[in-house]
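**Student:** I'm passing along entry.txt; it holds compact mmCIF, N, CA and C atoms.
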# COMPACT_ATOMS: atom_id res chain seq x y z
N MET A 1 59.79 71.94 71.89
CA MET A 1 60.14 70.60 71.42
C MET A 1 58.87 69.75 71.37
N PRO A 2 58.54 69.17 70.20
CA PRO A 2 57.32 68.38 70.08
C PRO A 2 57.43 67.05 70.83
N ASN A 3 56.28 66.54 71.26
CA ASN A 3 56.25 65.24 71.94
C ASN A 3 56.59 64.14 70.94
N PRO A 4 57.39 63.14 71.37
CA PRO A 4 57.73 62.05 70.46
C PRO A 4 56.49 61.19 70.18
N THR A 5 56.44 60.61 68.99
CA THR A 5 55.33 59.73 68.64
C THR A 5 55.48 58.41 69.40
N ILE A 6 54.43 57.62 69.40
CA ILE A 6 54.50 56.33 70.09
C ILE A 6 55.55 55.44 69.45
N GLU A 7 55.69 55.52 68.13
CA GLU A 7 56.70 54.70 67.44
C GLU A 7 58.11 55.09 67.88
N GLU A 8 58.33 56.39 68.03
CA GLU A 8 59.66 56.87 68.48
C GLU A 8 59.93 56.43 69.91
N ARG A 9 58.90 56.49 70.76
CA ARG A 9 59.10 56.06 72.15
C ARG A 9 59.35 54.56 72.23
N LEU A 10 58.65 53.77 71.41
CA LEU A 10 58.85 52.33 71.44
C LEU A 10 60.24 51.93 70.97
N LYS A 11 60.75 52.62 69.96
CA LYS A 11 62.10 52.32 69.46
C LYS A 11 63.16 52.65 70.49
N ALA A 12 62.89 53.64 71.34
CA ALA A 12 63.86 54.04 72.35
C ALA A 12 63.89 53.08 73.54
N GLU A 13 62.81 52.31 73.75
CA GLU A 13 62.73 51.39 74.88
C GLU A 13 63.25 50.02 74.49
N PRO A 14 63.94 49.34 75.41
CA PRO A 14 64.36 47.97 75.11
C PRO A 14 63.15 47.03 75.14
N MET A 15 63.20 45.97 74.34
CA MET A 15 62.11 45.00 74.30
C MET A 15 62.20 44.12 75.54
N PRO A 16 61.13 44.03 76.33
CA PRO A 16 61.18 43.14 77.50
C PRO A 16 61.25 41.68 77.07
N ARG A 17 61.70 40.85 77.99
CA ARG A 17 61.83 39.41 77.71
C ARG A 17 60.45 38.79 77.48
N VAL A 18 60.35 37.93 76.50
CA VAL A 18 59.10 37.25 76.16
C VAL A 18 59.24 35.78 76.56
N GLU A 19 58.29 35.28 77.36
CA GLU A 19 58.28 33.87 77.76
C GLU A 19 56.95 33.25 77.39
N VAL A 20 56.99 32.02 76.92
CA VAL A 20 55.77 31.29 76.58
C VAL A 20 55.49 30.31 77.71
N TRP A 21 54.27 30.38 78.24
CA TRP A 21 53.87 29.51 79.35
C TRP A 21 52.76 28.58 78.90
N GLY A 22 52.87 27.33 79.27
CA GLY A 22 51.78 26.38 79.10
C GLY A 22 51.31 26.18 77.68
N LEU A 23 52.23 26.08 76.73
CA LEU A 23 51.82 25.87 75.34
C LEU A 23 51.29 24.45 75.20
N ASN A 24 50.08 24.34 74.64
CA ASN A 24 49.47 23.05 74.38
C ASN A 24 49.14 22.96 72.90
N ALA A 25 49.73 21.98 72.25
CA ALA A 25 49.38 21.73 70.85
C ALA A 25 47.98 21.13 70.84
N VAL A 26 47.15 21.58 69.91
CA VAL A 26 45.77 21.13 69.87
C VAL A 26 45.41 20.67 68.46
N GLU A 27 44.41 19.83 68.38
CA GLU A 27 43.87 19.42 67.10
C GLU A 27 42.35 19.39 67.22
N PHE A 28 41.69 20.24 66.47
CA PHE A 28 40.24 20.29 66.45
C PHE A 28 39.76 20.00 65.04
N GLU A 29 38.80 19.11 64.91
CA GLU A 29 38.27 18.80 63.58
C GLU A 29 37.63 20.01 62.94
N ASN A 30 36.93 20.84 63.76
CA ASN A 30 36.23 21.99 63.19
C ASN A 30 37.13 23.22 63.07
N ALA A 31 38.38 23.14 63.53
CA ALA A 31 39.32 24.25 63.40
C ALA A 31 40.72 23.70 63.13
N PRO A 32 40.94 23.10 61.94
CA PRO A 32 42.24 22.48 61.67
C PRO A 32 43.39 23.49 61.59
N TYR A 33 43.08 24.76 61.41
CA TYR A 33 44.10 25.81 61.33
C TYR A 33 44.67 26.16 62.70
N LEU A 34 43.97 25.85 63.80
CA LEU A 34 44.43 26.16 65.15
C LEU A 34 45.43 25.10 65.58
N LYS A 35 46.67 25.51 65.83
CA LYS A 35 47.74 24.56 66.13
C LYS A 35 48.11 24.51 67.60
N ALA A 36 47.97 25.64 68.33
CA ALA A 36 48.36 25.64 69.74
C ALA A 36 47.70 26.80 70.47
N LEU A 37 47.56 26.63 71.78
CA LEU A 37 47.09 27.69 72.68
C LEU A 37 48.16 27.87 73.74
N CYS A 38 48.36 29.12 74.19
CA CYS A 38 49.36 29.35 75.22
C CYS A 38 49.11 30.69 75.90
N ASP A 39 49.86 30.94 76.94
CA ASP A 39 49.92 32.23 77.61
C ASP A 39 51.32 32.79 77.36
N VAL A 40 51.41 34.10 77.24
CA VAL A 40 52.69 34.74 76.95
C VAL A 40 52.96 35.78 78.04
N ARG A 41 54.14 35.69 78.63
CA ARG A 41 54.56 36.67 79.63
C ARG A 41 55.53 37.63 78.96
N ILE A 42 55.22 38.93 79.12
CA ILE A 42 56.09 39.98 78.59
C ILE A 42 56.37 40.93 79.74
N GLY A 43 57.60 40.88 80.23
CA GLY A 43 57.93 41.71 81.38
C GLY A 43 57.07 41.31 82.57
N HIS A 44 56.32 42.27 83.13
CA HIS A 44 55.48 42.02 84.29
C HIS A 44 54.02 41.81 83.92
N PHE A 45 53.73 41.48 82.67
CA PHE A 45 52.36 41.25 82.21
C PHE A 45 52.25 39.87 81.59
N ILE A 46 51.04 39.31 81.68
CA ILE A 46 50.79 38.03 81.02
C ILE A 46 49.56 38.18 80.14
N ILE A 47 49.63 37.59 78.96
CA ILE A 47 48.50 37.60 78.02
C ILE A 47 48.02 36.17 77.93
N ASN A 48 46.80 35.93 78.38
CA ASN A 48 46.20 34.60 78.33
C ASN A 48 45.47 34.42 77.00
N GLY A 49 45.51 33.20 76.48
CA GLY A 49 44.72 32.87 75.31
C GLY A 49 45.32 33.26 73.98
N VAL A 50 46.64 33.25 73.88
CA VAL A 50 47.29 33.50 72.59
C VAL A 50 47.18 32.22 71.77
N ARG A 51 46.81 32.37 70.52
CA ARG A 51 46.61 31.21 69.64
C ARG A 51 47.70 31.19 68.56
N LEU A 52 48.12 29.98 68.21
CA LEU A 52 49.03 29.79 67.08
C LEU A 52 48.20 29.24 65.94
N ILE A 53 48.18 29.97 64.83
CA ILE A 53 47.35 29.66 63.68
C ILE A 53 48.26 29.30 62.50
N GLU A 54 47.80 28.37 61.67
CA GLU A 54 48.53 28.06 60.44
C GLU A 54 47.62 28.35 59.25
N SER A 55 48.10 29.22 58.37
CA SER A 55 47.34 29.51 57.15
C SER A 55 48.14 29.04 55.95
N LYS A 56 47.45 28.77 54.88
CA LYS A 56 48.13 28.31 53.66
C LYS A 56 48.97 29.43 53.06
N GLN A 57 48.52 30.68 53.20
CA GLN A 57 49.23 31.82 52.62
C GLN A 57 50.40 32.29 53.47
N ASN A 58 50.22 32.37 54.80
CA ASN A 58 51.23 32.99 55.66
C ASN A 58 51.98 32.02 56.57
N GLY A 59 51.64 30.76 56.55
CA GLY A 59 52.29 29.81 57.45
C GLY A 59 51.83 30.03 58.89
N LEU A 60 52.72 29.83 59.86
CA LEU A 60 52.38 29.98 61.27
C LEU A 60 52.43 31.44 61.68
N PHE A 61 51.43 31.86 62.46
CA PHE A 61 51.44 33.20 63.03
C PHE A 61 50.62 33.20 64.32
N VAL A 62 50.84 34.19 65.18
CA VAL A 62 50.10 34.27 66.44
C VAL A 62 48.87 35.16 66.27
N SER A 63 47.86 34.80 67.04
CA SER A 63 46.63 35.57 67.08
C SER A 63 46.36 35.90 68.54
N PHE A 64 46.19 37.16 68.82
CA PHE A 64 46.01 37.61 70.20
C PHE A 64 44.53 37.54 70.58
N PRO A 65 44.24 37.45 71.88
CA PRO A 65 42.84 37.32 72.31
C PRO A 65 42.01 38.54 71.90
N GLU A 66 40.74 38.26 71.64
CA GLU A 66 39.83 39.33 71.22
C GLU A 66 38.43 39.02 71.72
N ARG A 67 37.64 40.06 71.86
CA ARG A 67 36.23 39.92 72.21
C ARG A 67 35.42 40.01 70.93
N VAL A 68 34.39 39.20 70.86
CA VAL A 68 33.52 39.22 69.69
C VAL A 68 32.18 39.81 70.13
N LYS A 69 31.77 40.87 69.45
CA LYS A 69 30.48 41.50 69.73
C LYS A 69 29.65 41.47 68.46
N GLU A 70 28.37 41.22 68.65
CA GLU A 70 27.49 41.22 67.50
C GLU A 70 26.75 42.55 67.45
N LYS A 71 26.81 43.19 66.31
CA LYS A 71 26.18 44.48 66.13
C LYS A 71 25.46 44.48 64.79
N ASN A 72 24.16 44.67 64.82
CA ASN A 72 23.33 44.66 63.61
C ASN A 72 23.51 43.39 62.79
N GLY A 73 23.63 42.26 63.49
CA GLY A 73 23.77 40.97 62.82
C GLY A 73 25.16 40.64 62.31
N ALA A 74 26.09 41.57 62.46
CA ALA A 74 27.48 41.33 62.01
C ALA A 74 28.39 41.21 63.23
N LYS A 75 29.39 40.38 63.12
CA LYS A 75 30.35 40.21 64.21
C LYS A 75 31.44 41.27 64.12
N GLU A 76 31.74 41.85 65.27
CA GLU A 76 32.85 42.81 65.37
C GLU A 76 33.88 42.22 66.33
N TYR A 77 35.13 42.32 65.96
CA TYR A 77 36.21 41.80 66.78
C TYR A 77 36.98 42.95 67.39
N HIS A 78 37.12 42.91 68.73
CA HIS A 78 37.82 43.96 69.46
C HIS A 78 38.99 43.33 70.23
N PRO A 79 40.21 43.77 69.98
CA PRO A 79 41.36 43.15 70.65
C PRO A 79 41.33 43.38 72.16
N VAL A 80 41.70 42.34 72.89
CA VAL A 80 41.85 42.43 74.34
C VAL A 80 43.28 42.88 74.64
N ALA A 81 44.22 42.32 73.90
CA ALA A 81 45.63 42.68 74.03
C ALA A 81 46.27 42.54 72.66
N HIS A 82 47.18 43.43 72.36
CA HIS A 82 47.87 43.36 71.07
C HIS A 82 49.18 44.13 71.16
N PRO A 83 50.16 43.75 70.33
CA PRO A 83 51.44 44.46 70.33
C PRO A 83 51.31 45.84 69.69
N LEU A 84 52.15 46.75 70.13
CA LEU A 84 52.13 48.12 69.60
C LEU A 84 53.12 48.32 68.46
N SER A 85 53.96 47.34 68.22
CA SER A 85 54.95 47.51 67.15
C SER A 85 55.17 46.19 66.42
N LYS A 86 55.72 46.28 65.22
CA LYS A 86 56.06 45.08 64.44
C LYS A 86 57.12 44.25 65.18
N GLU A 87 58.04 44.94 65.85
CA GLU A 87 59.10 44.25 66.57
C GLU A 87 58.53 43.44 67.74
N ALA A 88 57.56 44.01 68.43
CA ALA A 88 56.94 43.30 69.56
C ALA A 88 56.16 42.09 69.05
N ARG A 89 55.42 42.26 67.97
CA ARG A 89 54.68 41.12 67.40
C ARG A 89 55.65 40.03 66.96
N ALA A 90 56.74 40.41 66.32
CA ALA A 90 57.73 39.43 65.86
C ALA A 90 58.37 38.70 67.04
N ALA A 91 58.66 39.41 68.13
CA ALA A 91 59.27 38.78 69.30
C ALA A 91 58.33 37.73 69.90
N VAL A 92 57.05 38.05 70.02
CA VAL A 92 56.08 37.11 70.56
C VAL A 92 55.91 35.93 69.60
N GLN A 93 55.75 36.24 68.33
CA GLN A 93 55.55 35.19 67.34
C GLN A 93 56.74 34.23 67.29
N ASP A 94 57.94 34.76 67.29
CA ASP A 94 59.14 33.92 67.26
C ASP A 94 59.22 33.02 68.49
N ALA A 95 58.89 33.56 69.67
CA ALA A 95 58.94 32.78 70.91
C ALA A 95 57.90 31.66 70.90
N VAL A 96 56.69 31.97 70.45
CA VAL A 96 55.61 30.96 70.43
C VAL A 96 55.93 29.86 69.41
N ILE A 97 56.39 30.24 68.23
CA ILE A 97 56.71 29.25 67.20
C ILE A 97 57.88 28.37 67.65
N ALA A 98 58.88 28.96 68.29
CA ALA A 98 60.02 28.18 68.78
C ALA A 98 59.56 27.16 69.83
N GLU A 99 58.71 27.58 70.74
CA GLU A 99 58.20 26.67 71.77
C GLU A 99 57.33 25.57 71.14
N PHE A 100 56.52 25.93 70.16
CA PHE A 100 55.69 24.95 69.45
C PHE A 100 56.57 23.91 68.74
N ASN A 101 57.60 24.37 68.06
CA ASN A 101 58.50 23.44 67.36
C ASN A 101 59.24 22.54 68.34
N LYS A 102 59.62 23.10 69.49
CA LYS A 102 60.30 22.31 70.51
C LYS A 102 59.38 21.20 71.02
N LYS A 103 58.12 21.55 71.29
CA LYS A 103 57.16 20.55 71.77
C LYS A 103 56.85 19.53 70.69
N LYS A 104 56.73 20.00 69.46
CA LYS A 104 56.38 19.12 68.34
C LYS A 104 57.50 18.11 68.07
N GLU A 105 58.75 18.54 68.25
CA GLU A 105 59.89 17.68 67.96
C GLU A 105 60.28 16.78 69.12
N ALA A 106 59.65 16.97 70.29
CA ALA A 106 59.98 16.11 71.43
C ALA A 106 59.54 14.69 71.11
N PRO A 107 60.45 13.73 71.20
CA PRO A 107 60.11 12.36 70.81
C PRO A 107 59.06 11.76 71.75
N GLU A 108 57.99 11.27 71.15
CA GLU A 108 56.94 10.64 71.94
C GLU A 108 57.43 9.35 72.57
N ALA A 109 58.46 8.78 71.99
CA ALA A 109 59.00 7.54 72.54
C ALA A 109 59.52 7.75 73.96
N LEU A 110 60.09 8.93 74.23
CA LEU A 110 60.57 9.22 75.58
C LEU A 110 59.43 9.24 76.58
N ALA A 111 58.30 9.81 76.18
CA ALA A 111 57.14 9.85 77.06
C ALA A 111 56.63 8.43 77.32
N ALA A 112 56.55 7.62 76.27
CA ALA A 112 56.09 6.24 76.43
C ALA A 112 57.06 5.46 77.33
N LYS A 113 58.36 5.71 77.14
CA LYS A 113 59.36 5.03 77.96
C LYS A 113 59.23 5.44 79.43
N ALA A 114 58.97 6.70 79.68
CA ALA A 114 58.81 7.18 81.05
C ALA A 114 57.59 6.54 81.70
N ILE A 115 56.50 6.39 80.94
CA ILE A 115 55.29 5.76 81.48
C ILE A 115 55.56 4.30 81.81
N LEU A 116 56.25 3.61 80.91
CA LEU A 116 56.57 2.20 81.17
C LEU A 116 57.48 2.06 82.38
N SER A 117 58.45 2.96 82.53
CA SER A 117 59.34 2.93 83.68
C SER A 117 58.56 3.15 84.97
N PHE A 118 57.63 4.08 84.94
CA PHE A 118 56.82 4.36 86.11
C PHE A 118 55.95 3.15 86.46
N CYS A 119 55.37 2.49 85.43
CA CYS A 119 54.53 1.30 85.66
C CYS A 119 55.36 0.19 86.27
N ALA A 120 56.60 0.01 85.78
CA ALA A 120 57.48 -1.02 86.33
C ALA A 120 57.82 -0.70 87.78
N LEU A 121 58.09 0.54 88.08
CA LEU A 121 58.39 0.96 89.45
C LEU A 121 57.17 0.74 90.34
N ALA A 122 56.00 1.11 89.85
CA ALA A 122 54.78 0.93 90.64
C ALA A 122 54.52 -0.55 90.90
N LYS A 123 54.82 -1.40 89.93
CA LYS A 123 54.62 -2.84 90.09
C LYS A 123 55.56 -3.38 91.17
N ASN A 124 56.81 -2.90 91.19
CA ASN A 124 57.77 -3.33 92.19
C ASN A 124 57.40 -2.84 93.58
N LEU A 125 56.70 -1.72 93.67
CA LEU A 125 56.33 -1.14 94.96
C LEU A 125 54.89 -1.50 95.35
N LYS A 126 54.33 -2.51 94.68
CA LYS A 126 52.93 -2.86 94.86
C LYS A 126 52.54 -3.03 96.32
N GLY A 127 53.34 -3.75 97.08
CA GLY A 127 53.02 -3.99 98.48
C GLY A 127 53.42 -2.86 99.42
N TYR A 128 54.11 -1.86 98.91
CA TYR A 128 54.59 -0.75 99.73
C TYR A 128 53.52 0.31 99.86
N ARG A 129 53.11 0.62 101.08
CA ARG A 129 52.11 1.67 101.29
C ARG A 129 52.47 2.49 102.47
Using C-alpha cells, write down the structure from this file.
**Tutor:**
Amino acid sequence: MPNPTIEERLKAEPMPRVEVWGLNAVEFENAPYLKALCDVRIGHFIINGVRLIESKQNGLFVSFPERVKEKNGAKEYHPVAHPLSKEARAAVQDAVIAEFNKKKEAPEALAAKAILSFCALAKNLKGYR
C-alpha cells in the first residue's frame, strides 16, 4: 500500500480552530496597502506577524511572515510559516478579515464616550487617594 500524499493526509485531518490575536489596524504613508498586523493561533501554535494586505486586483488577503535575504544583489523571500493547503489559507484569511471588519466597524463614538465617562469619574474622585 503506497504512502498517502500530504494533500490526502491534510484532507483526512480536521482543521484546527483559528483565532486572531491582537489585530491592529495600521496606516503607513509609505505602505498604504498594509491594512493590519496580527498574530494567529492555530491549534497549539501561534504565528506572529501576519499581515493583512489590500490589493487593487485581489482585494484583502493575508501575507504570512517571511525572511528576506539578499543574494547577488537580488532579494529572496523565504517563508517563516505558511499554510499547507488552500483550505488552511482560506480559514486563516477568513478569520483575519472578519476580525479586521469587526474592528473597523466598531463605532469610535463608543470609545470617545468611554473616555469622557472615565474623565468625569476621575474628576469626581479627584480628592480620593
**Student:** If you run DSSP over the backbone, which residues in chain A end up alpha helix (DSSP H)? Put them as JSON, numbers by chain.
**Tutor:** {"A": [6, 7, 8, 9, 10, 11, 12, 86, 87, 88, 89, 90, 91, 92, 93, 94, 95, 96, 97, 98, 99, 100, 101, 102, 103, 104, 105, 108, 109, 110, 111, 112, 113, 114, 115, 116, 117, 118, 119, 120, 121, 122, 123, 124]}
**Student:** May I have the residues from that selection written out with N, CA and C atoms, as a compact mmCIF listing (two decimals), in the coordinates of the input?
**Tutor:**
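Written file, again_25.txt:
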# COMPACT_ATOMS: atom_id res chain seq x y z
N ILE A 6 54.43 57.62 69.40
CA ILE A 6 54.50 56.33 70.09
C ILE A 6 55.55 55.44 69.45
N GLU A 7 55.69 55.52 68.13
CA GLU A 7 56.70 54.70 67.44
C GLU A 7 58.11 55.09 67.88
N GLU A 8 58.33 56.39 68.03
CA GLU A 8 59.66 56.87 68.48
C GLU A 8 59.93 56.43 69.91
N ARG A 9 58.90 56.49 70.76
CA ARG A 9 59.10 56.06 72.15
C ARG A 9 59.35 54.56 72.23
N LEU A 10 58.65 53.77 71.41
CA LEU A 10 58.85 52.33 71.44
C LEU A 10 60.24 51.93 70.97
N LYS A 11 60.75 52.62 69.96
CA LYS A 11 62.10 52.32 69.46
C LYS A 11 63.16 52.65 70.49
N ALA A 12 62.89 53.64 71.34
CA ALA A 12 63.86 54.04 72.35
C ALA A 12 63.89 53.08 73.54
N LYS A 86 55.72 46.28 65.22
CA LYS A 86 56.06 45.08 64.44
C LYS A 86 57.12 44.25 65.18
N GLU A 87 58.04 44.94 65.85
CA GLU A 87 59.10 44.25 66.57
C GLU A 87 58.53 43.44 67.74
N ALA A 88 57.56 44.01 68.43
CA ALA A 88 56.94 43.30 69.56
C ALA A 88 56.16 42.09 69.05
N ARG A 89 55.42 42.26 67.97
CA ARG A 89 54.68 41.12 67.40
C ARG A 89 55.65 40.03 66.96
N ALA A 90 56.74 40.41 66.32
CA ALA A 90 57.73 39.43 65.86
C ALA A 90 58.37 38.70 67.04
N ALA A 91 58.66 39.41 68.13
CA ALA A 91 59.27 38.78 69.30
C ALA A 91 58.33 37.73 69.90
N VAL A 92 57.05 38.05 70.02
CA VAL A 92 56.08 37.11 70.56
C VAL A 92 55.91 35.93 69.60
N GLN A 93 55.75 36.24 68.33
CA GLN A 93 55.55 35.19 67.34
C GLN A 93 56.74 34.23 67.29
N ASP A 94 57.94 34.76 67.29
CA ASP A 94 59.14 33.92 67.26
C ASP A 94 59.22 33.02 68.49
N ALA A 95 58.89 33.56 69.67
CA ALA A 95 58.94 32.78 70.91
C ALA A 95 57.90 31.66 70.90
N VAL A 96 56.69 31.97 70.45
CA VAL A 96 55.61 30.96 70.43
C VAL A 96 55.93 29.86 69.41
N ILE A 97 56.39 30.24 68.23
CA ILE A 97 56.71 29.25 67.20
C ILE A 97 57.88 28.37 67.65
N ALA A 98 58.88 28.96 68.29
CA ALA A 98 60.02 28.18 68.78
C ALA A 98 59.56 27.16 69.83
N GLU A 99 58.71 27.58 70.74
CA GLU A 99 58.20 26.67 71.77
C GLU A 99 57.33 25.57 71.14
N PHE A 100 56.52 25.93 70.16
CA PHE A 100 55.69 24.95 69.45
C PHE A 100 56.57 23.91 68.74
N ASN A 101 57.60 24.37 68.06
CA ASN A 101 58.50 23.44 67.36
C ASN A 101 59.24 22.54 68.34
N LYS A 102 59.62 23.10 69.49
CA LYS A 102 60.30 22.31 70.51
C LYS A 102 59.38 21.20 71.02
N LYS A 103 58.12 21.55 71.29
CA LYS A 103 57.16 20.55 71.77
C LYS A 103 56.85 19.53 70.69
N LYS A 104 56.73 20.00 69.46
CA LYS A 104 56.38 19.12 68.34
C LYS A 104 57.50 18.11 68.07
N GLU A 105 58.75 18.54 68.25
CA GLU A 105 59.89 17.68 67.96
C GLU A 105 60.28 16.78 69.12
N GLU A 108 57.99 11.27 71.15
CA GLU A 108 56.94 10.64 71.94
C GLU A 108 57.43 9.35 72.57
N ALA A 109 58.46 8.78 71.99
CA ALA A 109 59.00 7.54 72.54
C ALA A 109 59.52 7.75 73.96
N LEU A 110 60.09 8.93 74.23
CA LEU A 110 60.57 9.22 75.58
C LEU A 110 59.43 9.24 76.58
N ALA A 111 58.30 9.81 76.18
CA ALA A 111 57.14 9.85 77.06
C ALA A 111 56.63 8.43 77.32
N ALA A 112 56.55 7.62 76.27
CA ALA A 112 56.09 6.24 76.43
C ALA A 112 57.06 5.46 77.33
N LYS A 113 58.36 5.71 77.14
CA LYS A 113 59.36 5.03 77.96
C LYS A 113 59.23 5.44 79.43
N ALA A 114 58.97 6.70 79.68
CA ALA A 114 58.81 7.18 81.05
C ALA A 114 57.59 6.54 81.70
N ILE A 115 56.50 6.39 80.94
CA ILE A 115 55.29 5.76 81.48
C ILE A 115 55.56 4.30 81.81
N LEU A 116 56.25 3.61 80.91
CA LEU A 116 56.57 2.20 81.17
C LEU A 116 57.48 2.06 82.38
N SER A 117 58.45 2.96 82.53
CA SER A 117 59.34 2.93 83.68
C SER A 117 58.56 3.15 84.97
N PHE A 118 57.63 4.08 84.94
CA PHE A 118 56.82 4.36 86.11
C PHE A 118 55.95 3.15 86.46
N CYS A 119 55.37 2.49 85.43
CA CYS A 119 54.53 1.30 85.66
C CYS A 119 55.36 0.19 86.27
N ALA A 120 56.60 0.01 85.78
CA ALA A 120 57.48 -1.02 86.33
C ALA A 120 57.82 -0.70 87.78
N LEU A 121 58.09 0.54 88.08
CA LEU A 121 58.39 0.96 89.45
C LEU A 121 57.17 0.74 90.34
N ALA A 122 56.00 1.11 89.85
CA ALA A 122 54.78 0.93 90.64
C ALA A 122 54.52 -0.55 90.90
N LYS A 123 54.82 -1.40 89.93
CA LYS A 123 54.62 -2.84 90.09
C LYS A 123 55.56 -3.38 91.17
N ASN A 124 56.81 -2.90 91.19
CA ASN A 124 57.77 -3.33 92.19
C ASN A 124 57.40 -2.84 93.58
**Student:** Please provide the set of residues having any atom within 12 Å of region 86-99 of chain A, restricted to only C-alpha atoms, with same-chain residues fewer than 6 positions apart removed, written as a PyMOL selection string.
**Tutor:** chain A and resi 7+10-11+13-25+35-43+46-47+50-54+59-64+105-106
**Student:** May I have the selected residues written with N, CA and C atoms, as a short mmCIF file (atom, residue, chain, number, x, y, z; two decimals), in the frame of the given file?
**Tutor:**
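selection_30.cif written:
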data_model
loop_
_atom_site.label_atom_id
_atom_site.label_comp_id
_atom_site.auth_asym_id
_atom_site.auth_seq_id
_atom_site.Cartn_x
_atom_site.Cartn_y
_atom_site.Cartn_z
N GLU A 7 55.69 55.52 68.13
CA GLU A 7 56.70 54.70 67.44
C GLU A 7 58.11 55.09 67.88
N LEU A 10 58.65 53.77 71.41
CA LEU A 10 58.85 52.33 71.44
C LEU A 10 60.24 51.93 70.97
N LYS A 11 60.75 52.62 69.96
CA LYS A 11 62.10 52.32 69.46
C LYS A 11 63.16 52.65 70.49
N GLU A 13 62.81 52.31 73.75
CA GLU A 13 62.73 51.39 74.88
C GLU A 13 63.25 50.02 74.49
N PRO A 14 63.94 49.34 75.41
CA PRO A 14 64.36 47.97 75.11
C PRO A 14 63.15 47.03 75.14
N MET A 15 63.20 45.97 74.34
CA MET A 15 62.11 45.00 74.30
C MET A 15 62.20 44.12 75.54
N PRO A 16 61.13 44.03 76.33
CA PRO A 16 61.18 43.14 77.50
C PRO A 16 61.25 41.68 77.07
N ARG A 17 61.70 40.85 77.99
CA ARG A 17 61.83 39.41 77.71
C ARG A 17 60.45 38.79 77.48
N VAL A 18 60.35 37.93 76.50
CA VAL A 18 59.10 37.25 76.16
C VAL A 18 59.24 35.78 76.56
N GLU A 19 58.29 35.28 77.36
CA GLU A 19 58.28 33.87 77.76
C GLU A 19 56.95 33.25 77.39
N VAL A 20 56.99 32.02 76.92
CA VAL A 20 55.77 31.29 76.58
C VAL A 20 55.49 30.31 77.71
N TRP A 21 54.27 30.38 78.24
CA TRP A 21 53.87 29.51 79.35
C TRP A 21 52.76 28.58 78.90
N GLY A 22 52.87 27.33 79.27
CA GLY A 22 51.78 26.38 79.10
C GLY A 22 51.31 26.18 77.68
N LEU A 23 52.23 26.08 76.73
CA LEU A 23 51.82 25.87 75.34
C LEU A 23 51.29 24.45 75.20
N ASN A 24 50.08 24.34 74.64
CA ASN A 24 49.47 23.05 74.38
C ASN A 24 49.14 22.96 72.90
N ALA A 25 49.73 21.98 72.25
CA ALA A 25 49.38 21.73 70.85
C ALA A 25 47.98 21.13 70.84
N LYS A 35 46.67 25.51 65.83
CA LYS A 35 47.74 24.56 66.13
C LYS A 35 48.11 24.51 67.60
N ALA A 36 47.97 25.64 68.33
CA ALA A 36 48.36 25.64 69.74
C ALA A 36 47.70 26.80 70.47
N LEU A 37 47.56 26.63 71.78
CA LEU A 37 47.09 27.69 72.68
C LEU A 37 48.16 27.87 73.74
N CYS A 38 48.36 29.12 74.19
CA CYS A 38 49.36 29.35 75.22
C CYS A 38 49.11 30.69 75.90
N ASP A 39 49.86 30.94 76.94
CA ASP A 39 49.92 32.23 77.61
C ASP A 39 51.32 32.79 77.36
N VAL A 40 51.41 34.10 77.24
CA VAL A 40 52.69 34.74 76.95
C VAL A 40 52.96 35.78 78.04
N ARG A 41 54.14 35.69 78.63
CA ARG A 41 54.56 36.67 79.63
C ARG A 41 55.53 37.63 78.96
N ILE A 42 55.22 38.93 79.12
CA ILE A 42 56.09 39.98 78.59
C ILE A 42 56.37 40.93 79.74
N GLY A 43 57.60 40.88 80.23
CA GLY A 43 57.93 41.71 81.38
C GLY A 43 57.07 41.31 82.57
N ILE A 46 51.04 39.31 81.68
CA ILE A 46 50.79 38.03 81.02
C ILE A 46 49.56 38.18 80.14
N ILE A 47 49.63 37.59 78.96
CA ILE A 47 48.50 37.60 78.02
C ILE A 47 48.02 36.17 77.93
N VAL A 50 46.64 33.25 73.88
CA VAL A 50 47.29 33.50 72.59
C VAL A 50 47.18 32.22 71.77
N ARG A 51 46.81 32.37 70.52
CA ARG A 51 46.61 31.21 69.64
C ARG A 51 47.70 31.19 68.56
N LEU A 52 48.12 29.98 68.21
CA LEU A 52 49.03 29.79 67.08
C LEU A 52 48.20 29.24 65.94
N ILE A 53 48.18 29.97 64.83
CA ILE A 53 47.35 29.66 63.68
C ILE A 53 48.26 29.30 62.50
N GLU A 54 47.80 28.37 61.67
CA GLU A 54 48.53 28.06 60.44
C GLU A 54 47.62 28.35 59.25
N GLY A 59 51.64 30.76 56.55
CA GLY A 59 52.29 29.81 57.45
C GLY A 59 51.83 30.03 58.89
N LEU A 60 52.72 29.83 59.86
CA LEU A 60 52.38 29.98 61.27
C LEU A 60 52.43 31.44 61.68
N PHE A 61 51.43 31.86 62.46
CA PHE A 61 51.44 33.20 63.03
C PHE A 61 50.62 33.20 64.32
N VAL A 62 50.84 34.19 65.18
CA VAL A 62 50.10 34.27 66.44
C VAL A 62 48.87 35.16 66.27
N SER A 63 47.86 34.80 67.04
CA SER A 63 46.63 35.57 67.08
C SER A 63 46.36 35.90 68.54
N PHE A 64 46.19 37.16 68.82
CA PHE A 64 46.01 37.61 70.20
C PHE A 64 44.53 37.54 70.58
N GLU A 105 58.75 18.54 68.25
CA GLU A 105 59.89 17.68 67.96
C GLU A 105 60.28 16.78 69.12
N ALA A 106 59.65 16.97 70.29
CA ALA A 106 59.98 16.11 71.43
C ALA A 106 59.54 14.69 71.11
#
**Student:** Restricting the calculation to only N, CA and C atoms: of A:Ser55, A:Val68, A:Lys102, A:Asn3, which residue gets closest to Leu34 (chain A)?
**Tutor:**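 Looking at the shortest contact to Leu34 (chain A), the residue is A:Ser55.
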**Student:** Which residues, protein or nucleic acid, reach to within 6 Å of (36.1, 39.3, 68.2) in the file's coordinates when using all atoms listed in the file, and can you give that as a ChimeraX atom specification?
**Tutor:** /A:66-69,76-78
**Student:** Can you work out the spacing between CA of Gly49 (chain A) and CA of Val26 (chain A) in Å, to one decimal?
**Tutor:**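 Between CA of Gly49 (chain A) and CA of Val26 (chain A) the gap is 13.0 Å.
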**Student:** So the first atom is CA of Tyr33 (chain A) and the second is atom C of Phe100 (chain A); what is the distance between them in Å, to one decimal place?
**Tutor:** 14.6 Å
**Student:** To one decimal in Å, tell me the separation between CA of Asn48 (chain A) and CA of Pro65 (chain A).
**Tutor:**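 Value for the CA of Asn48 (chain A)-CA of Pro65 (chain A) distance: 7.4 Å.
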